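Q: One file is attached below, work_5.cif, containing mmCIF, C-alpha atoms and all ligand atoms.
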data_data
#
loop_
_atom_site.group_PDB
_atom_site.id
_atom_site.type_symbol
_atom_site.label_atom_id
_atom_site.label_comp_id
_atom_site.auth_asym_id
_atom_site.auth_seq_id
_atom_site.Cartn_x
_atom_site.Cartn_y
_atom_site.Cartn_z
ATOM 1 C CA MET X 711 38.968 73.757 177.166
ATOM 2 C CA SER X 712 35.206 73.662 177.858
ATOM 3 C CA ALA X 713 33.104 76.844 177.997
ATOM 4 C CA VAL X 714 32.676 76.464 181.781
ATOM 5 C CA GLU X 715 36.443 76.187 182.299
ATOM 6 C CA GLU X 716 36.930 79.272 180.098
ATOM 7 C CA ALA X 717 34.377 81.086 182.257
ATOM 8 C CA LYS X 718 36.248 80.178 185.468
ATOM 9 C CA ARG X 719 39.523 81.346 183.945
ATOM 10 C CA ALA X 720 38.037 84.663 182.785
ATOM 11 C CA ALA X 721 36.567 85.363 186.253
ATOM 12 C CA ALA X 722 39.840 84.496 187.972
ATOM 13 C CA LYS X 723 41.815 86.834 185.713
ATOM 14 C CA VAL X 724 39.559 89.811 186.452
ATOM 15 C CA ALA X 725 39.371 89.072 190.192
ATOM 16 C CA VAL X 726 43.158 88.843 190.503
ATOM 17 C CA GLU X 727 43.803 91.941 188.390
ATOM 18 C CA LYS X 728 41.386 93.932 190.582
ATOM 19 C CA HIS X 729 42.189 92.604 194.044
ATOM 20 C CA TYR X 730 45.727 91.186 194.193
ATOM 21 C CA PRO X 731 47.925 93.825 195.892
ATOM 22 C CA LYS X 732 51.213 94.129 193.980
ATOM 23 C CA ASP X 733 53.115 94.143 197.284
ATOM 24 C CA ALA X 734 51.075 91.318 198.886
ATOM 25 C CA ARG X 735 52.818 89.546 201.784
ATOM 26 C CA TRP X 736 50.135 87.054 202.847
ATOM 27 C CA VAL X 737 47.563 85.611 200.435
ATOM 28 C CA GLY X 738 44.911 82.966 201.142
ATOM 29 C CA ILE X 739 44.366 80.366 198.426
ATOM 30 C CA GLY X 740 41.145 78.351 198.484
ATOM 31 C CA SER X 741 40.249 74.913 197.147
ATOM 32 C CA GLY X 742 38.490 73.442 194.141
ATOM 33 C CA THR X 743 38.775 73.657 190.389
ATOM 34 C CA THR X 744 38.310 77.427 189.954
ATOM 35 C CA ILE X 745 41.121 78.406 192.301
ATOM 36 C CA VAL X 746 43.575 76.780 189.874
ATOM 37 C CA TYR X 747 42.927 79.708 187.519
ATOM 38 C CA VAL X 748 43.444 82.208 190.337
ATOM 39 C CA VAL X 749 46.942 80.858 190.930
ATOM 40 C CA GLU X 750 47.564 80.897 187.170
ATOM 41 C CA ALA X 751 46.428 84.546 187.071
ATOM 42 C CA ILE X 752 48.676 85.495 190.007
ATOM 43 C CA ASN X 753 51.684 84.085 188.179
ATOM 44 C CA ALA X 754 50.588 85.824 184.975
ATOM 45 C CA LEU X 755 50.663 89.220 186.723
ATOM 46 C CA GLY X 756 54.442 89.054 186.549
ATOM 47 C CA VAL X 757 54.889 90.628 190.008
ATOM 48 C CA ASP X 758 57.692 89.577 192.361
ATOM 49 C CA THR X 759 56.177 86.810 194.523
ATOM 50 C CA SER X 760 59.435 85.738 196.179
ATOM 51 C CA ALA X 761 58.599 87.378 199.519
ATOM 52 C CA THR X 762 54.917 86.443 199.469
ATOM 53 C CA LYS X 763 53.501 83.607 201.568
ATOM 54 C CA TYR X 764 50.440 81.743 200.312
ATOM 55 C CA ILE X 765 48.153 80.181 202.912
ATOM 56 C CA PRO X 766 46.461 76.976 201.696
ATOM 57 C CA THR X 767 43.009 75.781 202.735
ATOM 58 C CA GLY X 768 43.748 72.066 202.471
ATOM 59 C CA TYR X 769 45.904 69.426 200.818
ATOM 60 C CA GLN X 770 44.890 70.173 197.191
ATOM 61 C CA SER X 771 45.372 73.884 197.747
ATOM 62 C CA LYS X 772 48.839 73.364 199.236
ATOM 63 C CA GLN X 773 49.951 71.186 196.312
ATOM 64 C CA LEU X 774 48.599 73.783 193.897
ATOM 65 C CA ILE X 775 50.661 76.541 195.526
ATOM 66 C CA ILE X 776 53.833 74.454 195.612
ATOM 67 C CA ASN X 777 53.446 73.244 192.007
ATOM 68 C CA ALA X 778 53.055 76.867 190.872
ATOM 69 C CA GLY X 779 56.463 77.662 192.378
ATOM 70 C CA LEU X 780 54.993 79.755 195.203
ATOM 71 C CA THR X 781 55.676 79.486 198.934
ATOM 72 C CA ALA X 782 53.034 77.707 201.006
ATOM 73 C CA VAL X 783 52.744 78.421 204.719
ATOM 74 C CA GLU X 784 50.147 76.489 206.710
ATOM 75 C CA PHE X 785 47.593 78.525 208.631
ATOM 76 C CA ASP X 786 48.982 77.384 211.998
ATOM 77 C CA ALA X 787 52.485 78.490 210.979
ATOM 78 C CA ILE X 788 51.712 82.147 210.315
ATOM 79 C CA PRO X 789 52.822 84.526 213.079
ATOM 80 C CA GLN X 790 50.049 85.319 215.552
ATOM 81 C CA GLY X 791 48.121 88.430 214.660
ATOM 82 C CA THR X 792 49.023 88.260 210.972
ATOM 83 C CA ILE X 793 46.286 89.606 208.748
ATOM 84 C CA LEU X 794 46.195 88.261 205.204
ATOM 85 C CA ASP X 795 46.107 90.946 202.512
ATOM 86 C CA VAL X 796 43.519 89.025 200.536
ATOM 87 C CA ALA X 797 42.018 85.534 200.245
ATOM 88 C CA PHE X 798 40.614 84.070 197.018
ATOM 89 C CA ASP X 799 38.307 81.073 196.827
ATOM 90 C CA GLY X 800 35.592 79.416 194.764
ATOM 91 C CA ALA X 801 32.004 78.685 195.811
ATOM 92 C CA ASP X 802 29.230 76.237 195.038
ATOM 93 C CA GLU X 803 26.551 78.919 195.094
ATOM 94 C CA VAL X 804 26.404 82.671 195.807
ATOM 95 C CA ASP X 805 23.183 84.560 196.577
ATOM 96 C CA GLU X 806 22.226 88.204 196.012
ATOM 97 C CA ASP X 807 23.574 89.169 199.448
ATOM 98 C CA LEU X 808 26.906 87.422 198.680
ATOM 99 C CA ASN X 809 26.265 84.598 201.135
ATOM 100 C CA CYS X 810 27.958 81.457 199.809
ATOM 101 C CA ILE X 811 27.637 77.707 200.004
ATOM 102 C CA LYS X 812 31.014 75.989 200.086
ATOM 103 C CA GLY X 813 32.249 72.473 200.734
ATOM 104 C CA GLY X 814 31.160 70.752 197.527
ATOM 105 C CA GLY X 815 34.731 69.475 197.300
ATOM 106 C CA ALA X 816 34.807 68.658 201.044
ATOM 107 C CA CYS X 817 36.819 71.741 202.026
ATOM 108 C CA LEU X 818 35.112 74.327 204.171
ATOM 109 C CA PHE X 819 36.601 74.567 207.659
ATOM 110 C CA GLN X 820 40.083 75.701 206.604
ATOM 111 C CA GLU X 821 38.531 77.869 203.891
ATOM 112 C CA LYS X 822 36.462 79.666 206.500
ATOM 113 C CA ILE X 823 39.309 80.381 208.920
ATOM 114 C CA VAL X 824 41.534 81.589 206.072
ATOM 115 C CA ALA X 825 38.785 83.849 204.653
ATOM 116 C CA MET X 826 38.113 85.290 208.112
ATOM 117 C CA GLN X 827 41.795 86.089 208.603
ATOM 118 C CA ALA X 828 41.921 88.205 205.429
ATOM 119 C CA LYS X 829 41.256 91.914 204.970
ATOM 120 C CA GLU X 830 39.335 91.041 201.808
ATOM 121 C CA PHE X 831 37.750 87.744 200.849
ATOM 122 C CA ILE X 832 37.141 87.498 197.090
ATOM 123 C CA CYS X 833 35.042 84.781 195.515
ATOM 124 C CA VAL X 834 35.574 83.477 191.970
ATOM 125 C CA ALA X 835 33.132 81.223 190.138
ATOM 126 C CA ASP X 836 31.329 80.481 186.895
ATOM 127 C CA HIS X 837 27.779 81.470 185.957
ATOM 128 C CA ARG X 838 26.211 78.265 187.330
ATOM 129 C CA LYS X 839 26.991 79.485 190.843
ATOM 130 C CA LEU X 840 25.301 82.883 190.454
ATOM 131 C CA GLN X 841 21.828 82.469 191.993
ATOM 132 C CA PRO X 842 19.236 84.674 193.690
ATOM 133 C CA ARG X 843 19.115 82.474 196.803
ATOM 134 C CA LEU X 844 21.252 79.714 198.279
ATOM 135 C CA LEU X 845 19.931 76.211 197.537
ATOM 136 C CA SER X 846 18.330 77.299 194.254
ATOM 137 C CA ASN X 847 20.485 75.052 192.113
ATOM 138 C CA TRP X 848 22.864 73.479 194.666
ATOM 139 C CA LYS X 849 20.511 71.391 196.784
ATOM 140 C CA SER X 850 22.244 70.713 200.099
ATOM 141 C CA ILE X 851 24.449 72.350 202.723
ATOM 142 C CA PRO X 852 27.790 70.603 203.335
ATOM 143 C CA ILE X 853 28.492 70.308 207.069
ATOM 144 C CA GLU X 854 31.763 69.023 208.553
ATOM 145 C CA VAL X 855 31.139 66.771 211.554
ATOM 146 C CA ALA X 856 33.021 64.578 214.006
ATOM 147 C CA PRO X 857 32.526 60.981 212.792
ATOM 148 C CA ILE X 858 31.383 59.758 216.201
ATOM 149 C CA ALA X 859 28.559 62.333 216.257
ATOM 150 C CA ALA X 860 27.427 61.969 212.624
ATOM 151 C CA HIS X 861 24.154 60.100 213.250
ATOM 152 C CA ARG X 862 23.225 62.387 216.123
ATOM 153 C CA VAL X 863 23.864 65.429 213.909
ATOM 154 C CA ILE X 864 21.675 63.910 211.179
ATOM 155 C CA ARG X 865 18.762 63.587 213.630
ATOM 156 C CA LYS X 866 19.186 67.219 214.721
ATOM 157 C CA LEU X 867 19.277 68.384 211.077
ATOM 158 C CA GLU X 868 16.013 66.520 210.443
ATOM 159 C CA GLU X 869 14.496 68.387 213.404
ATOM 160 C CA LEU X 870 15.494 71.630 211.631
ATOM 161 C CA GLY X 871 13.585 70.484 208.533
ATOM 162 C CA SER X 872 16.285 68.874 206.421
ATOM 163 C CA VAL X 873 14.875 66.046 204.319
ATOM 164 C CA ASN X 874 17.218 63.076 204.027
ATOM 165 C CA PRO X 875 20.607 64.484 205.127
ATOM 166 C CA VAL X 876 23.328 61.982 204.227
ATOM 167 C CA ILE X 877 26.934 61.265 205.118
ATOM 168 C CA ARG X 878 28.959 61.861 201.938
ATOM 169 C CA PRO X 879 30.497 58.607 200.688
ATOM 170 C CA SER X 880 34.064 58.359 199.400
ATOM 171 C CA ALA X 881 34.725 57.406 195.784
ATOM 172 C CA SER X 882 35.225 53.776 196.724
ATOM 173 C CA GLU X 883 32.372 52.155 198.678
ATOM 174 C CA LYS X 884 34.677 49.901 200.654
ATOM 175 C CA GLU X 885 36.500 52.906 202.094
ATOM 176 C CA GLY X 886 33.296 54.157 203.735
ATOM 177 C CA PRO X 887 32.523 57.850 204.178
ATOM 178 C CA LEU X 888 34.703 60.531 202.642
ATOM 179 C CA LYS X 889 37.181 62.068 205.121
ATOM 180 C CA THR X 890 38.053 65.760 205.144
ATOM 181 C CA ASP X 891 41.550 67.201 205.655
ATOM 182 C CA GLN X 892 40.673 67.156 209.370
ATOM 183 C CA GLY X 893 39.675 63.458 209.262
ATOM 184 C CA PHE X 894 36.020 64.428 209.732
ATOM 185 C CA PHE X 895 32.898 63.451 207.759
ATOM 186 C CA ILE X 896 30.769 65.681 205.536
ATOM 187 C CA ILE X 897 26.995 65.567 205.907
ATOM 188 C CA ASP X 898 25.059 66.985 202.944
ATOM 189 C CA ALA X 899 21.813 68.403 204.295
ATOM 190 C CA PRO X 900 19.071 69.442 201.831
ATOM 191 C CA PHE X 901 16.900 72.415 202.818
ATOM 192 C CA LYS X 902 14.448 74.665 200.999
ATOM 193 C CA PRO X 903 16.003 77.753 199.311
ATOM 194 C CA LEU X 904 17.246 80.163 201.990
ATOM 195 C CA LEU X 905 15.700 83.608 202.394
ATOM 196 C CA ILE X 906 17.799 86.689 201.683
ATOM 197 C CA LYS X 907 17.598 90.137 203.297
ATOM 198 C CA ALA X 908 15.027 91.388 200.780
ATOM 199 C CA ASP X 909 12.686 88.480 201.621
ATOM 200 C CA ILE X 910 12.851 89.266 205.334
ATOM 201 C CA GLU X 911 12.332 92.984 204.649
ATOM 202 C CA ALA X 912 9.281 92.036 202.578
ATOM 203 C CA GLY X 913 7.847 90.329 205.665
ATOM 204 C CA GLN X 914 8.732 86.659 205.158
ATOM 205 C CA ASP X 915 9.463 84.641 208.288
ATOM 206 C CA GLY X 916 12.929 83.072 208.189
ATOM 207 C CA ASN X 917 12.722 81.245 211.484
ATOM 208 C CA GLY X 918 12.159 77.749 210.159
ATOM 209 C CA LYS X 919 8.366 77.781 209.902
ATOM 210 C CA ASP X 920 7.462 75.125 207.292
ATOM 211 C CA GLY X 921 11.197 74.482 206.877
ATOM 212 C CA VAL X 922 11.890 77.959 205.459
ATOM 213 C CA TRP X 923 14.994 79.607 206.911
ATOM 214 C CA ALA X 924 16.918 82.830 206.521
ATOM 215 C CA VAL X 925 20.607 82.225 205.741
ATOM 216 C CA SER X 926 22.197 83.318 209.026
ATOM 217 C CA VAL X 927 19.426 81.918 211.225
ATOM 218 C CA LEU X 928 19.845 78.413 209.808
ATOM 219 C CA ALA X 929 23.656 78.569 209.603
ATOM 220 C CA ASP X 930 23.833 79.540 213.301
ATOM 221 C CA LYS X 931 21.369 76.791 214.317
ATOM 222 C CA ILE X 932 23.419 74.138 212.500
ATOM 223 C CA ARG X 933 26.653 75.382 213.992
ATOM 224 C CA GLU X 934 25.189 75.074 217.497
ATOM 225 C CA ILE X 935 24.733 71.305 217.102
ATOM 226 C CA THR X 936 27.357 69.532 219.171
ATOM 227 C CA GLY X 937 29.540 67.476 216.835
ATOM 228 C CA VAL X 938 29.534 70.075 214.052
ATOM 229 C CA LEU X 939 32.973 71.490 213.318
ATOM 230 C CA GLU X 940 31.790 74.016 210.723
ATOM 231 C CA VAL X 941 28.961 74.643 208.315
ATOM 232 C CA GLY X 942 29.485 75.317 204.611
ATOM 233 C CA VAL X 943 27.466 78.534 204.630
ATOM 234 C CA PHE X 944 29.625 81.667 204.540
ATOM 235 C CA HIS X 945 27.541 84.549 205.857
ATOM 236 C CA GLY X 946 27.390 87.460 208.288
ATOM 237 C CA LEU X 947 29.320 90.695 208.475
ATOM 238 C CA THR X 948 31.977 91.447 205.905
ATOM 239 C CA GLY X 949 34.488 94.175 205.065
ATOM 240 C CA PRO X 950 34.597 97.279 207.269
ATOM 241 C CA GLN X 951 31.459 96.177 209.190
ATOM 242 C CA ALA X 952 33.205 92.971 210.258
ATOM 243 C CA THR X 953 36.284 94.959 211.272
ATOM 244 C CA ALA X 954 34.154 97.414 213.278
ATOM 245 C CA ALA X 955 32.587 94.466 215.111
ATOM 246 C CA GLY X 956 36.026 93.234 216.198
ATOM 247 C CA GLY X 957 36.640 90.770 213.364
ATOM 248 C CA ILE X 958 38.973 91.152 210.388
ATOM 249 C CA GLY X 959 37.155 90.857 207.079
ATOM 250 C CA GLY X 960 34.420 88.308 207.811
ATOM 251 C CA GLN X 961 33.504 85.070 206.061
ATOM 252 C CA ARG X 962 31.185 86.569 203.426
ATOM 253 C CA PRO X 963 33.100 87.847 200.367
ATOM 254 C CA VAL X 964 33.253 91.575 199.672
ATOM 255 C CA ALA X 965 33.068 90.790 195.963
ATOM 256 C CA ALA X 966 32.293 87.770 193.787
ATOM 257 C CA TYR X 967 33.338 87.427 190.141
ATOM 258 C CA PHE X 968 31.450 85.132 187.776
ATOM 259 C CA GLY X 969 32.567 84.011 184.346
ATOM 260 C CA MET X 970 29.433 84.198 182.201
ATOM 261 C CA ALA X 971 28.358 81.952 179.320
ATOM 262 C CA ASP X 972 28.898 84.784 176.800
ATOM 263 C CA GLY X 973 32.543 85.258 177.844
ATOM 264 C CA SER X 974 31.948 88.350 179.987
ATOM 265 C CA VAL X 975 32.640 88.581 183.718
ATOM 266 C CA ALA X 976 29.881 89.675 186.102
ATOM 267 C CA VAL X 977 30.550 91.028 189.574
ATOM 268 C CA ARG X 978 28.478 91.191 192.737
ATOM 269 C CA LYS X 979 29.748 93.482 195.482
ATOM 270 C CA VAL X 980 28.577 94.330 198.986
HETATM 271 O O1 LIG U 1001 34.999 72.165 199.013
HETATM 272 C C1 LIG U 1001 35.328 72.851 198.113
HETATM 273 C C2 LIG U 1001 35.342 74.311 198.098
HETATM 274 O O2 LIG U 1001 34.434 74.932 198.945
HETATM 275 C C3 LIG U 1001 35.281 74.878 196.689
HETATM 276 O O3 LIG U 1001 35.755 76.179 196.752
HETATM 277 C C4 LIG U 1001 33.888 74.876 196.077
HETATM 278 O O4 LIG U 1001 33.326 73.581 196.133
HETATM 279 C C5 LIG U 1001 33.913 75.350 194.619
HETATM 280 O O5 LIG U 1001 34.662 74.461 193.881
HETATM 281 P P1 LIG U 1001 34.870 74.609 192.307
HETATM 282 O O6 LIG U 1001 35.719 75.785 192.085
HETATM 283 O O7 LIG U 1001 35.526 73.337 191.917
HETATM 284 O O8 LIG U 1001 33.494 74.742 191.721
#
As a first step, turn the structure in this file into structure tokens.
A:
Amino acid sequence: MSAVEEAKRAAAKVAVEKHYPKDARWVGIGSGTTIVYVVEAINALGVDTSATKYIPTGYQSKQLIINAGLTAVEFDAIPQGTILDVAFDGADEVDEDLNCIKGGGACLFQEKIVAMQAKEFICVADHRKLQPRLLSNWKSIPIEVAPIAAHRVIRKLEELGSVNPVIRPSASEKEGPLKTDQGFFIIDAPFKPLLIKADIEAGQDGNGKDGVWAVSVLADKIREITGVLEVGVFHGLTGPQATAAGGIGGQRPVAAYFGMADGSVAVRKV
């Protein structure tokens, strides 16, 4: 196993040991390569999972749950008002404020609704994802859009300062653009690194001047474009603040665990 895979596995083990409630009834399971180790770590806990329902965030996630011998229940099949005990997921990048970029594997819409339905959203990743600001290393924001509106959305993203936003192709050119679990397209929109709270407090302007945006300002602007289903920036209130504002746990994780190159696990918490 490569060092990066070892790092993902180490982070998943710590995150699950710290945040998986032994009597969990409803657990969100994200998408990607890191989440595989989260499911492995859940099974390794040795707790009784027979009464627990695992909510997938897409096709890959659902197959992962089923193949691990756990019970998958689609998001639209959970009883109304159900609050998930916890949701785990990976990320493409996490900043100092715990805002995340997600959607590198074309899953983001279902991941967001599952995260927002959970009391606690926990992020698990390797050291490459740990950055001071979003778009430091990962260069573009994945945005899920209705195919018919894709070119219109691209023009609007350019107006916001994105340079060369593109519709993500599928693996085979003849199949055209990649389709999400919703049958939508993904547009990858490059922007300059996004400002965090400390930058704004230090007096920087995050309102798009010279193409420089604060995380939530840009995420909200993109989401307002007609044709956009969801944006792969997870931000805003989280934890008790989200609950106090009438939400559940919010879309920003309360904690993120990173497997480091030296074998240790680093954590960022709100
Ligand atoms: O679209 C994919 C999801 O947002 C993933 O959670 C994200 O891309 C991280 O994936 P991985 O764990 O493979 O790095």
Q: Which chains and residue numbers are within 7 Å of ligand LIG 1001 (chain U), counting all atoms listed in the file, if I want them as a list in words?
A: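 Using all atoms listed in the file, everything at most 7 Å from ligand LIG 1001 (chain U) comes to Gly740, Ser741, Gly742, Thr743, Thr744, Ile745, Asp799, Gly800, Ala801, Asp802, Lys812, Gly813, Gly814, Gly815, Ala816, Cys817, Leu818 and Ala835 of chain X.
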Q: Exactly which residues make up the result of the PyMOL selection byres (((chain X and resi 790-796) around 9) and not hetatm) on this file, given as an mmCIF file with C-alpha atoms, keeping the file's coordinate frame?
A:
data_model
loop_
_atom_site.group_PDB
_atom_site.id
_atom_site.type_symbol
_atom_site.label_atom_id
_atom_site.label_comp_id
_atom_site.auth_asym_id
_atom_site.auth_seq_id
_atom_site.Cartn_x
_atom_site.Cartn_y
_atom_site.Cartn_z
ATOM 1 C CA HIS X 729 42.189 92.604 194.044
ATOM 2 C CA TYR X 730 45.727 91.186 194.193
ATOM 3 C CA PRO X 731 47.925 93.825 195.892
ATOM 4 C CA ALA X 734 51.075 91.318 198.886
ATOM 5 C CA ARG X 735 52.818 89.546 201.784
ATOM 6 C CA TRP X 736 50.135 87.054 202.847
ATOM 7 C CA VAL X 737 47.563 85.611 200.435
ATOM 8 C CA GLY X 738 44.911 82.966 201.142
ATOM 9 C CA ILE X 739 44.366 80.366 198.426
ATOM 10 C CA ILE X 765 48.153 80.181 202.912
ATOM 11 C CA ASP X 786 48.982 77.384 211.998
ATOM 12 C CA ALA X 787 52.485 78.490 210.979
ATOM 13 C CA ILE X 788 51.712 82.147 210.315
ATOM 14 C CA PRO X 789 52.822 84.526 213.079
ATOM 15 C CA ALA X 797 42.018 85.534 200.245
ATOM 16 C CA PHE X 798 40.614 84.070 197.018
ATOM 17 C CA VAL X 824 41.534 81.589 206.072
ATOM 18 C CA ALA X 825 38.785 83.849 204.653
ATOM 19 C CA GLN X 827 41.795 86.089 208.603
ATOM 20 C CA ALA X 828 41.921 88.205 205.429
ATOM 21 C CA LYS X 829 41.256 91.914 204.970
ATOM 22 C CA GLU X 830 39.335 91.041 201.808
ATOM 23 C CA PHE X 831 37.750 87.744 200.849
ATOM 24 C CA ILE X 832 37.141 87.498 197.090
ATOM 25 C CA ILE X 958 38.973 91.152 210.388
#
Q: Would you please work out which residue, of X:Ser760, X:Gln914, X:Ser926, X:Thr767, is nearest to Gln892 in chain X when using all atoms listed in the file?
A: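 Result for the nearest residue to Gln892 in chain X: X:Thr767.
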Q: Work out how far CA of His945 in chain X is from CA of Lys839 in chain X, in Å to one decimal.
A: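 Here the two named atoms are 15.9 Å from each other.
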Q: Kindly resolve the PyMOL selection byres (((chain X and resi 959-968) around 7) and not hetatm) on the present coordinates and return the residues as a CSV table (one decimal) with C-alpha atoms, keeping the file's coordinate frame.
A:
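Writing done, so here's out_34.csv:
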chain,number,residue,atom,x,y,z
X,721,ALA,CA,36.6,85.4,186.3
X,725,ALA,CA,39.4,89.1,190.2
X,808,LEU,CA,26.9,87.4,198.7
X,809,ASN,CA,26.3,84.6,201.1
X,822,LYS,CA,36.5,79.7,206.5
X,825,ALA,CA,38.8,83.8,204.7
X,826,MET,CA,38.1,85.3,208.1
X,827,GLN,CA,41.8,86.1,208.6
X,828,ALA,CA,41.9,88.2,205.4
X,829,LYS,CA,41.3,91.9,205.0
X,830,GLU,CA,39.3,91.0,201.8
X,831,PHE,CA,37.8,87.7,200.8
X,832,ILE,CA,37.1,87.5,197.1
X,833,CYS,CA,35.0,84.8,195.5
X,834,VAL,CA,35.6,83.5,192.0
X,835,ALA,CA,33.1,81.2,190.1
X,836,ASP,CA,31.3,80.5,186.9
X,837,HIS,CA,27.8,81.5,186.0
X,944,PHE,CA,29.6,81.7,204.5
X,945,HIS,CA,27.5,84.5,205.9
X,946,GLY,CA,27.4,87.5,208.3
X,947,LEU,CA,29.3,90.7,208.5
X,948,THR,CA,32.0,91.4,205.9
X,949,GLY,CA,34.5,94.2,205.1
X,950,PRO,CA,34.6,97.3,207.3
X,952,ALA,CA,33.2,93.0,210.3
X,953,THR,CA,36.3,95.0,211.3
X,957,GLY,CA,36.6,90.8,213.4
X,958,ILE,CA,39.0,91.2,210.4
X,969,GLY,CA,32.6,84.0,184.3
X,970,MET,CA,29.4,84.2,182.2
X,975,VAL,CA,32.6,88.6,183.7
X,976,ALA,CA,29.9,89.7,186.1
X,977,VAL,CA,30.6,91.0,189.6
X,978,ARG,CA,28.5,91.2,192.7
X,979,LYS,CA,29.7,93.5,195.5
X,980,VAL,CA,28.6,94.3,199.0
Q: Would you write out, as a ChimeraX atom specification, every residue that the PyMOL selection byres (((chain X and resi 783) around 8) and not hetatm) captures in this file?
A: /X:763-766,781-782,784-785,787-788
Q: Work out how far apart CA of Lys907 in chain X and CA of Ala717 in chain X are and give it in Å to one decimal.
A: 28.4 Å
Q: Within 10 Å of Val922 in chain X, counting only C-alpha atoms, which residues qualify if same-chain residues fewer than 4 places away don't, as an mmCIF file with C-alpha atoms, in the coordinates of the input?
A:
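result_11.cif, freshly written:
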data_model
loop_
_atom_site.group_PDB
_atom_site.id
_atom_site.type_symbol
_atom_site.label_atom_id
_atom_site.label_comp_id
_atom_site.auth_asym_id
_atom_site.auth_seq_id
_atom_site.Cartn_x
_atom_site.Cartn_y
_atom_site.Cartn_z
ATOM 1 C CA LEU X 870 15.494 71.630 211.631
ATOM 2 C CA GLY X 871 13.585 70.484 208.533
ATOM 3 C CA PHE X 901 16.900 72.415 202.818
ATOM 4 C CA LYS X 902 14.448 74.665 200.999
ATOM 5 C CA PRO X 903 16.003 77.753 199.311
ATOM 6 C CA LEU X 904 17.246 80.163 201.990
ATOM 7 C CA LEU X 905 15.700 83.608 202.394
ATOM 8 C CA GLN X 914 8.732 86.659 205.158
ATOM 9 C CA ASP X 915 9.463 84.641 208.288
ATOM 10 C CA GLY X 916 12.929 83.072 208.189
ATOM 11 C CA ASN X 917 12.722 81.245 211.484
ATOM 12 C CA GLY X 918 12.159 77.749 210.159
ATOM 13 C CA LEU X 928 19.845 78.413 209.808
#
Q: Work out where the centre of an axis-aligned box around every listed atom of range 806-814 of chain X lies and how long its edges are once 8 Å is added on each side; give both in Å to one decimal as JSON.
A:
{"center_x": 27.2, "center_y": 80.0, "center_z": 198.6, "size_x": 26.0, "size_y": 34.4, "size_z": 21.1}
Q: Mind pulling up the distance from CA of Leu840 in chain X to CA of Val804 in chain X?
A: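 The value is 5.5 Å.
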Q: If you count all atoms listed in the file, which residues fall within 6 Å of range 746-751 of chain X, apart from same-chain ones fewer than 6 positions away, as a ChimeraX atom specification?
A: /X:719,722-723
Q: As a ChimeraX atom specification, please: the residues near Lys849 in chain X (cut-off 10 Å, all atoms listed in the file, same-chain neighbours under 2 positions excluded).
A: /X:803,844-847,851-852,898-903
Q: Pick from X:Ser771, X:Arg838, X:Ala856, X:Ala908: nearest to Lys718 in chain X, with only C-alpha atoms counted?
A: X:Arg838
